[in-house]
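Chemist: Here you go, this is model_2.cif (mmCIF, C-alpha atoms and all ligand atoms).
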data_query
loop_
_atom_site.label_atom_id
_atom_site.label_comp_id
_atom_site.auth_asym_id
_atom_site.auth_seq_id
_atom_site.Cartn_x
_atom_site.Cartn_y
_atom_site.Cartn_z
CA MET A 1 0.00 0.00 0.00
CA ALA A 2 2.82 2.38 0.97
CA LEU A 3 4.62 1.45 -2.20
CA ARG A 4 1.51 2.17 -4.21
CA GLY A 5 1.10 5.56 -2.53
CA SER A 6 4.63 6.66 -3.32
CA PHE A 7 4.24 5.40 -6.86
CA ILE A 8 1.13 7.51 -7.32
CA ARG A 9 2.94 10.54 -5.89
CA LEU A 10 5.82 10.08 -8.32
CA PHE A 11 3.30 9.72 -11.11
CA LYS A 12 1.56 12.97 -10.13
CA LYS A 13 4.86 14.82 -9.79
CA GLN A 14 5.83 13.81 -13.29
CA PHE A 15 2.39 14.85 -14.52
CA ASN A 16 2.69 18.26 -12.94
CA SER A 17 6.05 19.12 -14.43
CA VAL A 18 4.86 18.23 -17.91
CA PHE A 19 1.55 19.98 -17.25
CA LYS A 20 3.23 23.35 -16.83
CA LEU A 21 5.55 22.98 -19.76
CA HIS A 22 2.83 21.73 -22.05
CA ASN A 23 0.18 24.30 -21.29
CA CYS A 24 2.50 27.25 -21.61
CA SER A 25 3.62 26.35 -25.10
CA HIS A 26 0.49 24.93 -26.71
CA SER A 27 -1.90 26.48 -29.12
CA VAL A 28 -4.83 24.77 -30.80
CA ALA A 29 -5.36 23.92 -34.47
CA ILE A 30 -8.78 22.92 -35.84
CA ILE A 31 -8.90 20.83 -39.03
CA GLY A 32 -12.26 19.96 -40.57
CA ALA A 33 -12.35 16.57 -42.30
CA PRO A 34 -15.65 16.30 -44.20
CA PHE A 35 -15.38 12.64 -45.16
CA SER A 36 -17.83 9.74 -45.25
CA LYS A 37 -16.42 6.97 -47.47
CA GLY A 38 -15.25 4.88 -44.53
CA GLN A 39 -18.85 3.63 -44.32
CA LYS A 40 -21.89 3.45 -46.58
CA ARG A 41 -24.21 6.09 -45.14
CA ARG A 42 -23.87 9.63 -46.42
CA GLY A 43 -24.21 12.73 -44.27
CA VAL A 44 -21.32 12.34 -41.82
CA GLU A 45 -19.27 14.57 -44.17
CA HIS A 46 -21.39 17.43 -42.79
CA GLY A 47 -20.12 16.74 -39.27
CA PRO A 48 -17.45 19.49 -39.24
CA GLN A 49 -20.00 22.12 -40.30
CA ALA A 50 -22.49 20.95 -37.67
CA ILE A 51 -19.82 21.16 -34.95
CA ARG A 52 -18.76 24.63 -36.12
CA ASP A 53 -22.43 25.70 -36.23
CA ALA A 54 -22.78 24.55 -32.64
CA GLY A 55 -20.31 27.30 -31.76
CA LEU A 56 -16.97 25.49 -31.41
CA LEU A 57 -14.74 28.46 -32.24
CA ASP A 58 -16.59 30.94 -30.07
CA ARG A 59 -16.54 28.50 -27.18
CA LEU A 60 -12.81 27.88 -27.46
CA SER A 61 -11.85 31.49 -28.06
CA THR A 62 -13.77 32.79 -25.06
CA MET A 63 -12.80 29.90 -22.84
CA GLU A 64 -11.09 30.85 -19.64
CA THR A 65 -9.14 27.82 -18.58
CA ALA A 66 -7.44 27.12 -15.34
CA ALA A 67 -4.19 26.84 -17.31
CA ARG A 68 -4.47 30.36 -18.66
CA GLN A 69 -5.27 31.65 -15.26
CA GLN A 70 -2.18 29.94 -13.92
CA THR A 71 0.29 31.75 -16.16
CA GLY A 72 -1.78 34.92 -16.07
CA LYS A 73 -0.76 36.03 -19.55
CA LEU A 74 -2.59 33.73 -21.91
CA ARG A 75 -5.07 35.29 -24.31
CA PRO A 76 -7.24 33.53 -26.86
CA PHE A 77 -7.50 34.64 -30.46
CA ILE A 78 -8.54 33.14 -33.76
CA ARG A 79 -6.46 33.21 -36.88
CA ARG A 80 -8.20 31.97 -39.99
CA ALA A 81 -6.54 29.73 -42.56
CA CYS A 82 -5.65 32.67 -44.81
CA GLY A 83 -2.31 33.19 -43.14
CA ASP A 84 -1.22 29.60 -43.41
CA THR A 85 0.09 29.26 -46.93
CA PHE A 86 1.13 25.67 -46.35
CA TYR A 87 -2.44 24.47 -46.27
CA LYS A 88 -3.77 26.49 -49.15
CA SER A 89 -3.60 23.70 -51.70
CA ASN A 90 -5.45 21.20 -49.53
CA LEU A 91 -7.89 23.32 -47.64
CA ASN A 92 -10.87 25.33 -48.68
CA ARG A 93 -9.93 28.85 -47.72
CA TYR A 94 -12.00 30.11 -44.88
CA ASP A 95 -13.51 33.17 -46.48
CA SER A 96 -15.17 34.75 -43.49
CA THR A 97 -13.69 37.90 -42.01
CA VAL A 98 -10.16 37.68 -40.79
CA LEU A 99 -10.60 38.58 -37.19
CA PHE A 100 -6.99 39.54 -36.69
CA GLN A 101 -3.84 39.73 -38.75
CA GLU A 102 -0.93 38.13 -37.01
CA ASP A 103 0.97 41.38 -36.47
CA GLN A 104 -2.07 42.93 -34.83
CA ILE A 105 -1.93 40.44 -32.05
CA GLU A 106 0.02 41.70 -29.14
CA ASN A 107 0.10 38.69 -26.91
CA PRO A 108 -0.66 35.53 -28.83
CA TYR A 109 -0.10 33.13 -25.96
CA TYR A 110 -3.06 30.90 -26.64
CA PRO A 111 -3.63 31.02 -30.38
CA LEU A 112 -6.52 29.16 -31.92
CA HIS A 113 -5.92 28.38 -35.59
CA ASP A 114 -8.88 27.40 -37.71
CA TYR A 115 -7.48 25.76 -40.81
CA GLY A 116 -10.90 25.33 -42.41
CA ASP A 117 -11.91 22.06 -44.05
CA LEU A 118 -9.79 19.66 -46.06
CA ASN A 119 -10.84 19.22 -49.65
CA PHE A 120 -10.83 15.47 -50.25
CA THR A 121 -10.62 13.81 -53.65
CA HIS A 122 -13.31 11.25 -54.39
CA LEU A 123 -11.90 8.83 -56.92
CA ALA A 124 -14.28 7.88 -59.71
CA LYS A 125 -12.67 4.49 -60.29
CA ASP A 126 -12.45 2.84 -56.89
CA GLU A 127 -13.72 -0.77 -56.92
CA CYS A 128 -14.27 -2.70 -53.71
CA PHE A 129 -11.33 -4.61 -52.28
CA MET A 130 -12.91 -7.89 -51.20
CA HIS A 131 -16.08 -6.47 -49.55
CA VAL A 132 -14.36 -3.22 -48.49
CA PRO A 133 -15.90 -0.20 -50.27
CA PHE A 134 -13.92 2.88 -51.48
CA PRO A 135 -10.45 1.66 -50.37
CA ARG A 136 -8.42 4.07 -52.55
CA THR A 137 -10.57 7.09 -51.68
CA VAL A 138 -10.23 6.32 -47.95
CA GLY A 139 -6.48 5.72 -48.33
CA LEU A 140 -5.94 8.99 -50.19
CA ALA A 141 -8.06 11.03 -47.77
CA ASN A 142 -6.12 9.66 -44.83
CA LYS A 143 -2.79 10.39 -46.50
CA MET A 144 -3.90 14.00 -46.94
CA LEU A 145 -5.17 14.27 -43.36
CA ALA A 146 -1.95 12.73 -42.03
CA SER A 147 0.07 15.45 -43.69
CA ALA A 148 -2.21 18.23 -42.37
CA VAL A 149 -2.23 16.86 -38.80
CA GLY A 150 1.52 16.25 -38.98
CA SER A 151 2.21 19.87 -39.91
CA ALA A 152 -0.12 21.21 -37.22
CA VAL A 153 1.55 19.08 -34.55
CA GLU A 154 4.99 19.99 -35.86
CA ALA A 155 4.04 23.67 -35.56
CA GLY A 156 3.38 23.04 -31.86
CA HIS A 157 -0.42 23.01 -31.91
CA THR A 158 -2.72 20.61 -30.15
CA CYS A 159 -4.53 19.40 -33.25
CA ILE A 160 -8.29 18.82 -33.26
CA THR A 161 -9.68 16.89 -36.25
CA LEU A 162 -13.42 17.22 -36.80
CA GLY A 163 -14.92 14.24 -38.67
CA GLY A 164 -16.20 12.75 -40.72
CA ASP A 165 -16.30 9.03 -40.12
CA HIS A 166 -13.88 7.19 -37.86
CA SER A 167 -11.70 5.83 -40.71
CA LEU A 168 -10.10 9.30 -40.49
CA ALA A 169 -8.28 8.28 -37.34
CA ILE A 170 -5.89 6.26 -39.54
CA GLY A 171 -4.50 9.47 -41.03
CA SER A 172 -4.85 11.62 -37.97
CA VAL A 173 -2.99 9.21 -35.65
CA GLN A 174 -0.33 8.54 -38.32
CA GLY A 175 0.25 12.26 -38.91
CA HIS A 176 0.50 12.82 -35.16
CA TYR A 177 2.92 9.89 -34.85
CA LYS A 178 5.30 11.35 -37.46
CA HIS A 179 6.16 14.14 -35.04
CA CYS A 180 5.40 12.37 -31.76
CA PRO A 181 6.65 8.81 -32.25
CA ASP A 182 6.07 7.92 -28.60
CA LEU A 183 2.36 8.80 -28.60
CA CYS A 184 -0.30 6.70 -26.91
CA LEU A 185 -3.89 6.29 -28.09
CA ILE A 186 -7.14 6.55 -26.09
CA TRP A 187 -10.08 5.28 -28.16
CA VAL A 188 -13.45 6.31 -26.71
CA ASP A 189 -16.15 4.47 -28.61
CA ALA A 190 -19.05 2.02 -28.45
CA HIS A 191 -17.05 0.03 -31.02
CA ALA A 192 -13.48 -1.26 -31.10
CA ASP A 193 -12.97 -0.42 -34.82
CA ILE A 194 -10.28 -3.11 -34.89
CA ASN A 195 -11.68 -5.47 -37.53
CA THR A 196 -9.29 -6.45 -40.30
CA PRO A 197 -10.67 -6.62 -43.86
CA LEU A 198 -10.80 -10.39 -43.23
CA THR A 199 -12.88 -10.24 -40.03
CA SER A 200 -15.10 -7.23 -40.82
CA PRO A 201 -18.80 -8.14 -41.06
CA SER A 202 -19.66 -4.90 -42.89
CA GLY A 203 -16.51 -4.25 -44.92
CA ASN A 204 -16.64 -0.61 -43.76
CA LEU A 205 -13.22 0.91 -43.07
CA HIS A 206 -14.49 3.02 -40.16
CA GLY A 207 -14.79 -0.27 -38.28
CA GLN A 208 -11.18 -1.20 -39.10
CA SER A 209 -9.08 1.93 -38.39
CA VAL A 210 -7.09 0.54 -35.45
CA SER A 211 -5.98 -2.61 -37.29
CA PHE A 212 -4.16 -0.41 -39.81
CA LEU A 213 -2.13 1.20 -37.01
CA LEU A 214 -1.02 -1.77 -34.92
CA LYS A 215 2.37 -3.40 -35.45
CA GLU A 216 1.16 -6.64 -33.87
CA LEU A 217 -1.53 -7.10 -36.55
CA GLN A 218 0.81 -6.50 -39.49
CA ASP A 219 0.85 -10.12 -40.71
CA LYS A 220 -2.95 -10.35 -40.44
CA MET A 221 -3.50 -7.41 -42.78
CA PRO A 222 -3.87 -7.85 -46.54
CA GLU A 223 -2.49 -5.13 -48.81
CA VAL A 224 -5.43 -2.77 -49.20
CA PRO A 225 -5.23 -0.56 -52.31
CA GLY A 226 -4.73 3.10 -51.33
CA PHE A 227 -2.74 2.35 -48.18
CA SER A 228 0.77 1.63 -49.48
CA TRP A 229 1.95 4.88 -47.82
CA LEU A 230 1.11 3.53 -44.36
CA LYS A 231 3.34 1.31 -42.21
CA PRO A 232 1.88 0.15 -38.89
CA PHE A 233 3.65 1.86 -36.00
CA LEU A 234 1.61 1.56 -32.80
CA SER A 235 2.16 -1.06 -30.07
CA THR A 236 -0.87 -2.70 -28.48
CA SER A 237 0.49 -1.64 -25.07
CA ASP A 238 0.07 2.04 -26.06
CA LEU A 239 -3.68 1.69 -26.72
CA VAL A 240 -6.67 1.81 -24.37
CA TYR A 241 -10.38 1.55 -25.18
CA ILE A 242 -13.14 3.14 -23.11
CA GLY A 243 -16.90 2.71 -23.60
CA LEU A 244 -17.08 -0.53 -25.64
CA ARG A 245 -20.43 -2.29 -25.94
CA ASP A 246 -20.66 -3.61 -29.50
CA VAL A 247 -17.66 -5.77 -30.34
CA ASP A 248 -17.59 -8.19 -33.30
CA PRO A 249 -16.27 -11.77 -32.82
CA GLY A 250 -13.02 -11.10 -34.75
CA GLU A 251 -12.49 -7.93 -32.74
CA HIS A 252 -12.98 -9.79 -29.46
CA TYR A 253 -10.41 -12.36 -30.57
CA ILE A 254 -7.90 -9.57 -31.34
CA LEU A 255 -8.54 -7.67 -28.08
CA LYS A 256 -8.06 -10.83 -26.02
CA ASN A 257 -5.15 -12.35 -27.91
CA CYS A 258 -3.14 -9.14 -28.20
CA GLY A 259 -3.71 -8.34 -24.51
CA ILE A 260 -5.18 -4.93 -25.32
CA GLN A 261 -6.39 -2.89 -22.34
CA TYR A 262 -10.07 -2.12 -22.73
CA PHE A 263 -12.93 -0.93 -20.54
CA THR A 264 -16.47 -1.77 -21.60
CA MET A 265 -19.62 -0.01 -20.37
CA ARG A 266 -19.96 -2.95 -17.98
CA ASP A 267 -16.56 -2.04 -16.50
CA ILE A 268 -17.78 1.54 -16.09
CA ASP A 269 -20.94 0.21 -14.40
CA ARG A 270 -18.82 -1.85 -12.00
CA MET A 271 -15.94 0.47 -11.22
CA GLY A 272 -17.19 3.92 -12.12
CA ILE A 273 -15.71 6.33 -14.63
CA GLN A 274 -13.22 7.71 -12.11
CA ARG A 275 -11.50 4.35 -11.56
CA VAL A 276 -11.66 3.44 -15.25
CA THR A 277 -10.04 6.75 -16.21
CA GLU A 278 -7.36 6.35 -13.57
CA MET A 279 -6.57 2.79 -14.68
CA SER A 280 -6.47 3.85 -18.34
CA LEU A 281 -4.05 6.72 -17.73
CA ASP A 282 -2.00 4.56 -15.40
CA HIS A 283 -1.71 1.86 -18.04
CA LEU A 284 -0.53 4.30 -20.70
CA LEU A 285 1.57 6.77 -18.73
CA SER A 286 2.95 5.20 -15.57
CA ARG A 287 6.18 4.03 -17.21
CA LYS A 288 6.76 7.14 -19.32
CA GLN A 289 5.04 10.44 -20.03
CA LYS A 290 3.70 10.21 -23.56
CA PRO A 291 1.77 12.59 -25.80
CA ILE A 292 -1.88 11.53 -25.88
CA HIS A 293 -3.96 11.05 -29.00
CA LEU A 294 -7.64 11.03 -28.02
CA SER A 295 -9.89 9.52 -30.68
CA PHE A 296 -13.44 10.25 -29.56
CA ASP A 297 -16.37 8.67 -31.42
CA ILE A 298 -19.56 10.53 -30.49
CA ASP A 299 -21.40 7.16 -30.42
CA ALA A 300 -19.55 6.42 -27.15
CA PHE A 301 -22.32 8.52 -25.60
CA ASP A 302 -25.76 7.10 -25.06
CA PRO A 303 -28.00 7.57 -28.13
CA SER A 304 -30.37 9.64 -25.98
CA LEU A 305 -27.59 12.26 -25.84
CA ALA A 306 -26.00 11.71 -29.24
CA PRO A 307 -28.75 10.48 -31.58
CA ALA A 308 -27.30 11.95 -34.80
CA THR A 309 -24.75 9.25 -35.55
CA GLY A 310 -24.51 6.30 -37.94
CA THR A 311 -24.13 3.32 -35.61
CA PRO A 312 -25.82 4.18 -32.28
CA VAL A 313 -25.76 1.54 -29.53
CA ASN A 314 -27.89 1.69 -26.38
CA GLY A 315 -26.34 1.90 -22.95
CA GLY A 316 -23.61 4.48 -23.59
CA LEU A 317 -21.75 7.09 -21.56
CA THR A 318 -23.72 9.66 -19.60
CA TYR A 319 -22.97 13.34 -20.13
CA ARG A 320 -21.09 13.51 -16.86
CA GLU A 321 -19.02 10.39 -17.55
CA GLY A 322 -17.93 11.74 -20.94
CA ILE A 323 -17.08 15.19 -19.61
CA TYR A 324 -15.24 13.79 -16.58
CA LEU A 325 -13.11 11.62 -18.86
CA ALA A 326 -12.28 14.61 -21.08
CA GLU A 327 -11.42 16.75 -18.04
CA GLU A 328 -9.10 14.11 -16.64
CA ILE A 329 -7.32 13.78 -19.98
CA ASN A 330 -6.84 17.55 -20.00
CA ASN A 331 -5.50 17.38 -16.45
CA THR A 332 -2.60 15.22 -17.59
CA GLY A 333 -1.36 18.17 -19.67
CA LEU A 334 -0.39 15.61 -22.30
CA LEU A 335 -3.21 15.90 -24.84
CA SER A 336 -1.46 16.44 -28.15
CA ALA A 337 -4.10 15.59 -30.77
CA MET A 338 -7.77 14.67 -30.78
CA ASP A 339 -10.42 13.42 -33.22
CA LEU A 340 -14.12 14.08 -32.74
CA VAL A 341 -15.90 11.86 -35.24
CA GLU A 342 -19.18 10.34 -36.44
CA VAL A 343 -21.49 13.33 -35.91
CA ASN A 344 -23.97 12.83 -38.77
CA PRO A 345 -26.40 15.77 -38.96
CA THR A 346 -28.59 14.03 -41.56
CA LEU A 347 -29.47 11.24 -39.12
CA GLY A 348 -31.10 13.17 -36.28
CA ALA A 349 -34.89 12.80 -36.18
CA THR A 350 -35.32 16.51 -35.48
CA ARG A 351 -33.23 19.66 -35.68
CA GLU A 352 -33.00 19.61 -31.89
CA ALA A 353 -31.57 16.09 -31.98
CA VAL A 354 -28.87 17.18 -34.42
CA GLU A 355 -28.05 20.31 -32.43
CA ALA A 356 -27.85 18.33 -29.18
CA THR A 357 -25.36 15.90 -30.75
CA ALA A 358 -23.17 18.64 -32.20
CA SER A 359 -23.27 20.69 -29.04
CA LEU A 360 -22.21 17.62 -27.04
CA ALA A 361 -19.23 17.34 -29.40
CA VAL A 362 -18.33 20.97 -28.61
CA ASP A 363 -18.60 20.30 -24.86
CA VAL A 364 -16.26 17.30 -25.10
CA ILE A 365 -13.68 19.26 -27.09
CA ALA A 366 -13.86 22.21 -24.69
CA ALA A 367 -13.44 19.96 -21.65
CA SER A 368 -10.50 18.18 -23.32
CA LEU A 369 -8.86 21.55 -23.88
CA GLY A 370 -9.26 22.77 -20.33
CA LYS A 371 -12.80 24.05 -19.78
CA THR A 372 -13.57 23.27 -16.16
CA ARG A 373 -16.87 23.00 -14.36
CA GLU A 374 -15.48 24.99 -11.45
CA GLY A 375 -14.91 27.94 -13.77
CA ALA A 376 -11.81 30.10 -14.18
CA HIS A 377 -11.05 33.79 -14.64
CA ILE A 378 -8.63 35.90 -16.61
CA SER A 379 -10.68 39.11 -16.79
CA PHE A 380 -10.26 40.05 -13.14
CA ASP A 381 -7.03 41.27 -11.63
CA LYS A 382 -9.04 42.12 -8.59
CA LEU A 383 -12.71 41.98 -7.79
CA PRO A 384 -14.49 45.16 -8.89
CA SER A 385 -15.95 47.17 -6.06
CA PRO A 386 -18.64 49.88 -6.39
CA GLY A 387 -17.03 52.95 -7.93
CA THR A 388 -14.31 51.12 -9.96
CA THR A 389 -14.79 50.77 -13.74
CA TYR A 390 -15.53 47.28 -14.95
CA LYS A 391 -12.96 46.45 -17.65
CA ALA A 392 -13.98 42.98 -18.79
CA ASP A 393 -15.97 44.20 -21.81
CA ASN A 394 -13.07 46.24 -23.18
CA GLU A 395 -10.69 43.41 -22.68
CA GLN A 396 -12.99 41.04 -24.57
CA LYS A 397 -12.86 43.37 -27.58
CA ILE A 398 -9.10 43.46 -27.54
CA CYS A 399 -8.80 39.71 -27.24
CA LEU A 400 -11.34 38.72 -29.87
N1 LIG B 1 -16.64 4.08 -36.19
C1 LIG B 1 -17.74 3.37 -36.08
N2 LIG B 1 -18.87 3.95 -35.79
N3 LIG B 1 -17.65 2.05 -36.29
C2 LIG B 1 -18.73 1.14 -36.28
C3 LIG B 1 -18.26 -0.24 -36.62
C4 LIG B 1 -19.37 -1.23 -36.64
C5 LIG B 1 -18.92 -2.67 -36.90
N4 LIG B 1 -18.13 -3.17 -35.84
C6 LIG B 1 -18.18 -2.77 -38.23
O1 LIG B 1 -17.07 -3.22 -38.29
O2 LIG B 1 -18.70 -2.41 -39.22
MN MN B 2 -18.46 3.85 -32.82
MN MN B 3 -15.59 4.51 -34.02
#
Render the structure in this file as structure tokens.
Modeler:
Amino acid sequence: MALRGSFIRLFKKQFNSVFKLHNCSHSVAIIGAPFSKGQKRRGVEHGPQAIRDAGLLDRLSTMETAARQQTGKLRPFIRRACGDTFYKSNLNRYDSTVLFQEDQIENPYYPLHDYGDLNFTHLAKDECFMHVPFPRTVGLANKMLASAVGSAVEAGHTCITLGGDHSLAIGSVQGHYKHCPDLCLIWVDAHADINTPLTSPSGNLHGQSVSFLLKELQDKMPEVPGFSWLKPFLSTSDLVYIGLRDVDPGEHYILKNCGIQYFTMRDIDRMGIQRVTEMSLDHLLSRKQKPIHLSFDIDAFDPSLAPATGTPVNGGLTYREGIYLAEEINNTGLLSAMDLVEVNPTLGATREAVEATASLAVDVIAASLGKTREGAHISFDKLPSPGTTYKADNEQKICL
């Protein structure tokens, strides 16, 4: 017990030192990935727009995080894609007003870069590989996303990819890996998405993303057209699943035989989200501090909260479980890239259902980036008393 206590202290000490370093230097990049060919239903390509419409950028740019408060000098601002020449060929230029030119920003300590949406190529000639639809289109889209995520991470941003279907995680994790080769992966999902083309019941690549990444599955993977650029790089020991409740037989075989750490909804019922989160982070980080890639499928939530998604499964995460998990991941100070996928605005029964799903996505992203339920302040140096001028409104104008 004493040994365990001192181990936990050491663990927390390590966390804290990285926490400070990480939060002082990190800015956020948003990449929209309007893509749906990793499965057969259309509509999920409108996910990035739905998440933006739910107010993502406003929420992040006005967010007062505990981290900002800590250093006392962090200020949010948005720079649109226009300034980032590197992305111009791949991204639709964001044509709305440029809120600030770079040289107008005095103190860009917490920059928020919106790179707009990637412009994917849909190949006309793209026959099925076995029963896998659109293999070349999915391969090409992921290659493009990998390069965009890679550049954003290389530039020092915490990179948020807005999907699109979950096949996009192939490119997003690979691009992240190119600049953070020691990354670990937290997969929050109702599904394991670890079928190989040979075990997949549906053929859909969004149910196979993880098998493309894992070194241990290399000799079980056929050569899928469109993916020759990708070499598996991730070890099974650097992967944890949270929220599983719909696992195919081949996937169960892989999870068990590769000794992958996973927590189903039953585990959350038994142990609670707090213990599950602690065990997950312990598994990934206790030996070494590693950059975290969080791949969050909105269908991890219960369909009553996230109805607008392609493969809903009953009995999912509650709002508080999902937000707690995101908050704890932020608390590590190690979040380096994140995907928020499978929001399909064409599948909600009503407009309210769609808006609820997209707004849940915004809440998860905000919590992952440091929004706390206890609140935080940057606008107050001291508490205004009657007779002093309230400056917060002015300051807001300067910042935004
Ligand atoms: N990213 C997702 N929503 N995946 C759902 C996968 C469903 C099923 N396991 C399949 O392989 O097709
Ligand atoms: Mn899923
Ligand atoms: Mn998924």
Chemist: If you count all atoms listed in the file, which residues end up within 10 Å of ligand LIG 1 (chain B), as a PyMOL selection string?
Modeler: chain A and resi 38-40+164-169+189-197+199-209+246-251+296-300+309-313+341-343
Chemist: Mind dumping the selected residues with C-alpha atoms as an mmCIF file, in the coordinates of the input?
Modeler:
data_model
loop_
_atom_site.group_PDB
_atom_site.id
_atom_site.type_symbol
_atom_site.label_atom_id
_atom_site.label_comp_id
_atom_site.auth_asym_id
_atom_site.auth_seq_id
_atom_site.Cartn_x
_atom_site.Cartn_y
_atom_site.Cartn_z
ATOM 1 C CA GLY A 38 -15.250 4.880 -44.530
ATOM 2 C CA GLN A 39 -18.850 3.630 -44.320
ATOM 3 C CA LYS A 40 -21.890 3.450 -46.580
ATOM 4 C CA GLY A 164 -16.200 12.750 -40.720
ATOM 5 C CA ASP A 165 -16.300 9.030 -40.120
ATOM 6 C CA HIS A 166 -13.880 7.190 -37.860
ATOM 7 C CA SER A 167 -11.700 5.830 -40.710
ATOM 8 C CA LEU A 168 -10.100 9.300 -40.490
ATOM 9 C CA ALA A 169 -8.280 8.280 -37.340
ATOM 10 C CA ASP A 189 -16.150 4.470 -28.610
ATOM 11 C CA ALA A 190 -19.050 2.020 -28.450
ATOM 12 C CA HIS A 191 -17.050 0.030 -31.020
ATOM 13 C CA ALA A 192 -13.480 -1.260 -31.100
ATOM 14 C CA ASP A 193 -12.970 -0.420 -34.820
ATOM 15 C CA ILE A 194 -10.280 -3.110 -34.890
ATOM 16 C CA ASN A 195 -11.680 -5.470 -37.530
ATOM 17 C CA THR A 196 -9.290 -6.450 -40.300
ATOM 18 C CA PRO A 197 -10.670 -6.620 -43.860
ATOM 19 C CA THR A 199 -12.880 -10.240 -40.030
ATOM 20 C CA SER A 200 -15.100 -7.230 -40.820
ATOM 21 C CA PRO A 201 -18.800 -8.140 -41.060
ATOM 22 C CA SER A 202 -19.660 -4.900 -42.890
ATOM 23 C CA GLY A 203 -16.510 -4.250 -44.920
ATOM 24 C CA ASN A 204 -16.640 -0.610 -43.760
ATOM 25 C CA LEU A 205 -13.220 0.910 -43.070
ATOM 26 C CA HIS A 206 -14.490 3.020 -40.160
ATOM 27 C CA GLY A 207 -14.790 -0.270 -38.280
ATOM 28 C CA GLN A 208 -11.180 -1.200 -39.100
ATOM 29 C CA SER A 209 -9.080 1.930 -38.390
ATOM 30 C CA ASP A 246 -20.660 -3.610 -29.500
ATOM 31 C CA VAL A 247 -17.660 -5.770 -30.340
ATOM 32 C CA ASP A 248 -17.590 -8.190 -33.300
ATOM 33 C CA PRO A 249 -16.270 -11.770 -32.820
ATOM 34 C CA GLY A 250 -13.020 -11.100 -34.750
ATOM 35 C CA GLU A 251 -12.490 -7.930 -32.740
ATOM 36 C CA PHE A 296 -13.440 10.250 -29.560
ATOM 37 C CA ASP A 297 -16.370 8.670 -31.420
ATOM 38 C CA ILE A 298 -19.560 10.530 -30.490
ATOM 39 C CA ASP A 299 -21.400 7.160 -30.420
ATOM 40 C CA ALA A 300 -19.550 6.420 -27.150
ATOM 41 C CA THR A 309 -24.750 9.250 -35.550
ATOM 42 C CA GLY A 310 -24.510 6.300 -37.940
ATOM 43 C CA THR A 311 -24.130 3.320 -35.610
ATOM 44 C CA PRO A 312 -25.820 4.180 -32.280
ATOM 45 C CA VAL A 313 -25.760 1.540 -29.530
ATOM 46 C CA VAL A 341 -15.900 11.860 -35.240
ATOM 47 C CA GLU A 342 -19.180 10.340 -36.440
ATOM 48 C CA VAL A 343 -21.490 13.330 -35.910
#
Chemist: Report the distance between atom CA of Arg42 of chain A and atom CA of Ala152 of chain A in Å, rounded to one decimal place.
Modeler: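 Atom CA of Ala152 of chain A lies at a distance of 28.0 Å from atom CA of Arg42 of chain A.
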Chemist: Atom CA of Ser151 of chain A and atom CA of Ser172 of chain A are how many Å apart?
Modeler: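 It comes out at 11.0 Å.
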Chemist: So, with all atoms listed in the file as the atoms that count, which of A:Lys37, A:Lys256, A:Arg245, A:His377 lies closest to ligand MN 2 (chain B)?
Modeler: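 When distances to ligand MN 2 (chain B) are compared using all atoms listed in the file, the smallest one comes from A:Arg245.
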Chemist: Counting only C-alpha atoms and all ligand atoms, figure out which residue out of A:Leu340, A:Ile260, A:Leu213, A:Val173 gets nearest to ligand MN 2 (chain B).
Modeler: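 Ranking A:Leu340, A:Ile260, A:Leu213, A:Val173 by distance to ligand MN 2 (chain B), first place goes to A:Leu340.
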Chemist: How far is it from atom CA of Leu239 of chain A to atom CA of Thr158 of chain A, in Å with one decimal?
Modeler: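 These atoms are spaced 19.3 Å apart.
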Chemist: Set the distance at 7 Å and use only C-alpha atoms: which residues neighbour Gly175 of chain A once local chain neighbours fewer than 5 positions away are removed? I'd like the list as a ChimeraX atom specification.
Modeler: /A:146-147,149-150
Chemist: Keeping only C-alpha atoms, write the selected residues to a file as a compact mmCIF listing (two decimals), in the coordinates of the input.
Modeler:
# COMPACT_ATOMS: atom_id res chain seq x y z
CA ALA A 146 -1.95 12.73 -42.03
CA SER A 147 0.07 15.45 -43.69
CA VAL A 149 -2.23 16.86 -38.80
CA GLY A 150 1.52 16.25 -38.98
Chemist: Considering only C-alpha atoms and all ligand atoms, state which residue in the set A:Leu334, A:Leu317, A:Ala376, A:Leu244 is at the smallest distance from ligand MN 2 (chain B).
Modeler: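 Ranking A:Leu334, A:Leu317, A:Ala376, A:Leu244 by distance to ligand MN 2 (chain B), first place goes to A:Leu244.
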Chemist: Just want the 6 Å neighbourhood of Val188 of chain A, counted on all atoms listed in the file, with same-chain residues fewer than 5 positions away dropped. Output as a ChimeraX atom specification.
Modeler: /A:241-243,296
Chemist: Could the residues in this selection be saved with C-alpha atoms as an mmCIF file, in the frame of the given file?
Modeler:
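Heads up, here's the output in out06.cif:
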data_model
loop_
_atom_site.group_PDB
_atom_site.id
_atom_site.type_symbol
_atom_site.label_atom_id
_atom_site.label_comp_id
_atom_site.auth_asym_id
_atom_site.auth_seq_id
_atom_site.Cartn_x
_atom_site.Cartn_y
_atom_site.Cartn_z
ATOM 1 C CA TYR A 241 -10.380 1.550 -25.180
ATOM 2 C CA ILE A 242 -13.140 3.140 -23.110
ATOM 3 C CA GLY A 243 -16.900 2.710 -23.600
ATOM 4 C CA PHE A 296 -13.440 10.250 -29.560
#
Chemist: Could you give me, as a ChimeraX atom specification, the residues within 6 Å of segment 280-290 of chain A, counting all atoms listed in the file and dropping anything in the same chain fewer than 3 positions from it?
Modeler: /A:183,238,277
Chemist: Let me see the file: selected residues, C-alpha atoms, as a PDB file, keeping the file's coordinate frame.
Modeler:
ATOM      1  CA  LEU A 183       2.360   8.800 -28.600  1.00  0.00           C
ATOM      2  CA  ASP A 238       0.070   2.040 -26.060  1.00  0.00           C
ATOM      3  CA  THR A 277     -10.040   6.750 -16.210  1.00  0.00           C
TER       4      THR A 277
END
